[in-house]
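S.K.: After the structure tokens below, expect a handful of questions from me.
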Amino acid sequence: MSITSPFSDADGQIIELLLQNGLDKRRGEDALFTRYDYFIREGMSKLGLSEDESFNAYSDSVLAAIEKISNGTFEGRSSLKTYLYQIFHNKCVDLLRKNSTNKSSIHRTDSISERLLHITDKARSAVQVLIDKADWKLLKEKLTQLGDDCRKMLMLWADNFSDRQIAAEMEYKTSDVVKTSRLRCLEKLKRLYKTV
Amino acid sequence: MDSLEYIDAYFSGETPQEETRQFEQRIQDDPAFAEEVAFYLTAREASKEELVEERKRDFRALYRRADAVAKFRPALIRRLLPAVAAAALISAIALCWYLFAGPKTGPKLADRYIQENLQLLSVKMGAMDSLQMGLVLFNDGKFIEALQEFEKIIQSDSSNSTAVKDAGITSLRLEDYDRALYFFRNLEIRNHLHLNPGLFYEALTLMKRNFNGDAAQAKHLLQEVIQRNLDKKEDAVELLKKM
């Protein structure tokens, strides 16, 4: 029995790029976005969303797909188009049902919970209470004041880049230099955030 | 050890197993330390959200460019026809002067290249589909109508790289450089193509446009075409020699 790939050549190339780092990954992200951007019009014509709503649903879908492909959890059981459309459709339905109220904070909690998974319940709830009290708006504002290098470094770190990968991406000599600089950036952010 | 470094080591999985319990106990016993852990996790998540917002801004710019092309309506083209015809006549006169008496610059080299290589596009014999129709219109000098044909194809099938390339060349002939650059950059990111002249044509368009910094950027792109052994490498070598 022959096994055929569900991917077209173009989709295969996009997936290959998304598994790289740096400029190649960026090209893959742009290519994935532009390849199926007609979904935005479909969200407007078939589901009655506004252009802005449909664009947001599509962008979020593309970013979710990129994350799954990049971290290797996309199993490839369906074509890239079908996979992306499923995510997009679900996001549109969520929007229509108004189920997405305060969606980002739900996602935020889920994401942080993953990191706290291995901590005991007591310690976890102590940290969770403090996280819930954080002033996210202020923190993001301070992040923009850090300077381009620090900001980029922290964003790459948050995107699960290892220090070695950050060193390659930002042309630092070693991963140790990156680690030191990254922790200095965090320290600087903390100072800016706490001194308000 | 500094708190953030200690916390970073824990969440990076570098803390020895026997010390993890100590770490967790400290969260419960030391409020200042718990706050440091909360800050570490919050900062990471805020950075992730910033990254997502930045990518969404990039996507919006990509979408706007694509949308602008899609909204390029035939009525607008018809309205612009007399102006374009007049501009073409003036351009032809200017071009003659430019080719024979003008200075030897990037635009002149680009004009020569266009004269020699992009006057006629190859049409296949046999069935006349939309692409072939566009090519015939191009070869008849009906650039606006040709561009309409190519854009119709792209709207129904954005993966048609030939139509994207031809739309770029047609835009270049119409001296609509921003539109030409949009098509060639769109072509350039299609890494699956065996032969992809996107980068070379982007350089050619910059040479022709000749805005401040265009010449240097064109030179850089031509060097990249040669280094990466891309389509039109030989042409890039020739142009670079003359620049």
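Residue names in the structure tokens use chain letters A, B, ... in the order shown, residue numbers from 1 in each chain, and ligand numbers from 1 in the order shown.
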Could you build a table of the residues in chain B lying no more than 7 Å from chain A, giving for each the nearest pair of atoms and their separation in Å rounded to one decimal place, using only C-alpha atoms, ordered by chain and ascending residue number, as JSON lines?

M.R.:
{"residue": "B:Leu4", "atom": "CA", "partner": "A:Leu183", "partner_atom": "CA", "distance": 6.9}
{"residue": "B:Glu5", "atom": "CA", "partner": "A:Leu183", "partner_atom": "CA", "distance": 6.8}
{"residue": "B:Glu24", "atom": "CA", "partner": "A:Ala123", "partner_atom": "CA", "distance": 5.9}
{"residue": "B:Ile27", "atom": "CA", "partner": "A:Ala123", "partner_atom": "CA", "distance": 5.8}
{"residue": "B:Gln28", "atom": "CA", "partner": "A:Ala123", "partner_atom": "CA", "distance": 5.6}
{"residue": "B:Ala34", "atom": "CA", "partner": "A:Val127", "partner_atom": "CA", "distance": 5.9}
{"residue": "B:Glu35", "atom": "CA", "partner": "A:Leu130", "partner_atom": "CA", "distance": 6.6}
{"residue": "B:Val37", "atom": "CA", "partner": "A:Val127", "partner_atom": "CA", "distance": 7.0}
{"residue": "B:Ala38", "atom": "CA", "partner": "A:Val127", "partner_atom": "CA", "distance": 5.4}
{"residue": "B:Leu41", "atom": "CA", "partner": "A:Ile112", "partner_atom": "CA", "distance": 6.8}
{"residue": "B:Thr42", "atom": "CA", "partner": "A:Ile131", "partner_atom": "CA", "distance": 6.5}
{"residue": "B:Arg44", "atom": "CA", "partner": "A:Ala158", "partner_atom": "CA", "distance": 5.3}
{"residue": "B:Glu45", "atom": "CA", "partner": "A:Ala158", "partner_atom": "CA", "distance": 6.7}
{"residue": "B:Ala46", "atom": "CA", "partner": "A:Lys140", "partner_atom": "CA", "distance": 6.2}
{"residue": "B:Ser47", "atom": "CA", "partner": "A:Met155", "partner_atom": "CA", "distance": 5.0}
{"residue": "B:Lys48", "atom": "CA", "partner": "A:Ala158", "partner_atom": "CA", "distance": 5.1}
{"residue": "B:Leu51", "atom": "CA", "partner": "A:Met155", "partner_atom": "CA", "distance": 5.8}
{"residue": "B:Lys56", "atom": "CA", "partner": "A:Ser59", "partner_atom": "CA", "distance": 6.3}
{"residue": "B:Ser158", "atom": "CA", "partner": "A:Arg35", "partner_atom": "CA", "distance": 6.7}
{"residue": "B:Ser159", "atom": "CA", "partner": "A:Arg35", "partner_atom": "CA", "distance": 6.9}
{"residue": "B:Ile189", "atom": "CA", "partner": "A:Arg27", "partner_atom": "CA", "distance": 6.3}
{"residue": "B:His192", "atom": "CA", "partner": "A:Gln13", "partner_atom": "CA", "distance": 6.0}

S.K.: Which residues in segment 50-163 of chain A does DSSP call alpha helix (DSSP H)? List them as a PyMOL selection string.

M.R.: chain A and resi 51-70+80-96+103-116+121-132+136-144+148-158+163

S.K.: Near segment 105-110 of chain B, within 6 Å and counting only C-alpha atoms, which residues show up once chain neighbours fewer than 4 positions away are dropped, as a ChimeraX atom specification?

M.R.: /B:204,207-208

S.K.: One decimal, Å: what's the distance from atom CA of Gly76 of chain A over to atom CA of Ala57 of chain A, could you say?

M.R.: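 These two atoms are separated by 21.8 Å.
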
S.K.: Please compute the atom CA of Leu147 of chain B-atom CA of Glu42 of chain A distance, one decimal, in Å.

M.R.: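 It comes out at 25.0 Å.
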
S.K.: Just checking: using only C-alpha atoms, which residue out of A:Ile15, A:Val178, A:Val93, A:Met44 ends up closest to Asp163 of chain A?

M.R.: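 Of A:Ile15, A:Val178, A:Val93, A:Met44, the one nearest Asp163 of chain A is A:Val178, counting only C-alpha atoms.
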
S.K.: Report as an NGL selection string all protein, DNA and RNA residues lying within 12 Å of Ala64 of chain A, evaluated on only C-alpha atoms, omitting residues in the same chain fewer than 2 positions from it.

M.R.: (:A and (29 or 32-33 or 57-62 or 66-71 or 73-74 or 83-88 or 91 or 107)) or (:B and (52 or 55-56))

S.K.: Would you work out the distance separating atom CA of Asp214 of chain B from atom CA of Leu181 of chain B, expressed in Å to one decimal?

M.R.: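 Those two atoms sit 11.9 Å apart.
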
S.K.: Quick one: of B:Glu18, B:Asp30, B:Glu36, B:Glu238, who's nearest to Tyr6 of chain B, counting only C-alpha atoms?

M.R.: B:Glu36

S.K.: Choose the residue, out of B:Gln119, B:Gln217, B:Thr20, B:Asn191, that has the smallest atom-to-atom separation from Thr205 of chain B; count only C-alpha atoms.

M.R.: B:Gln217
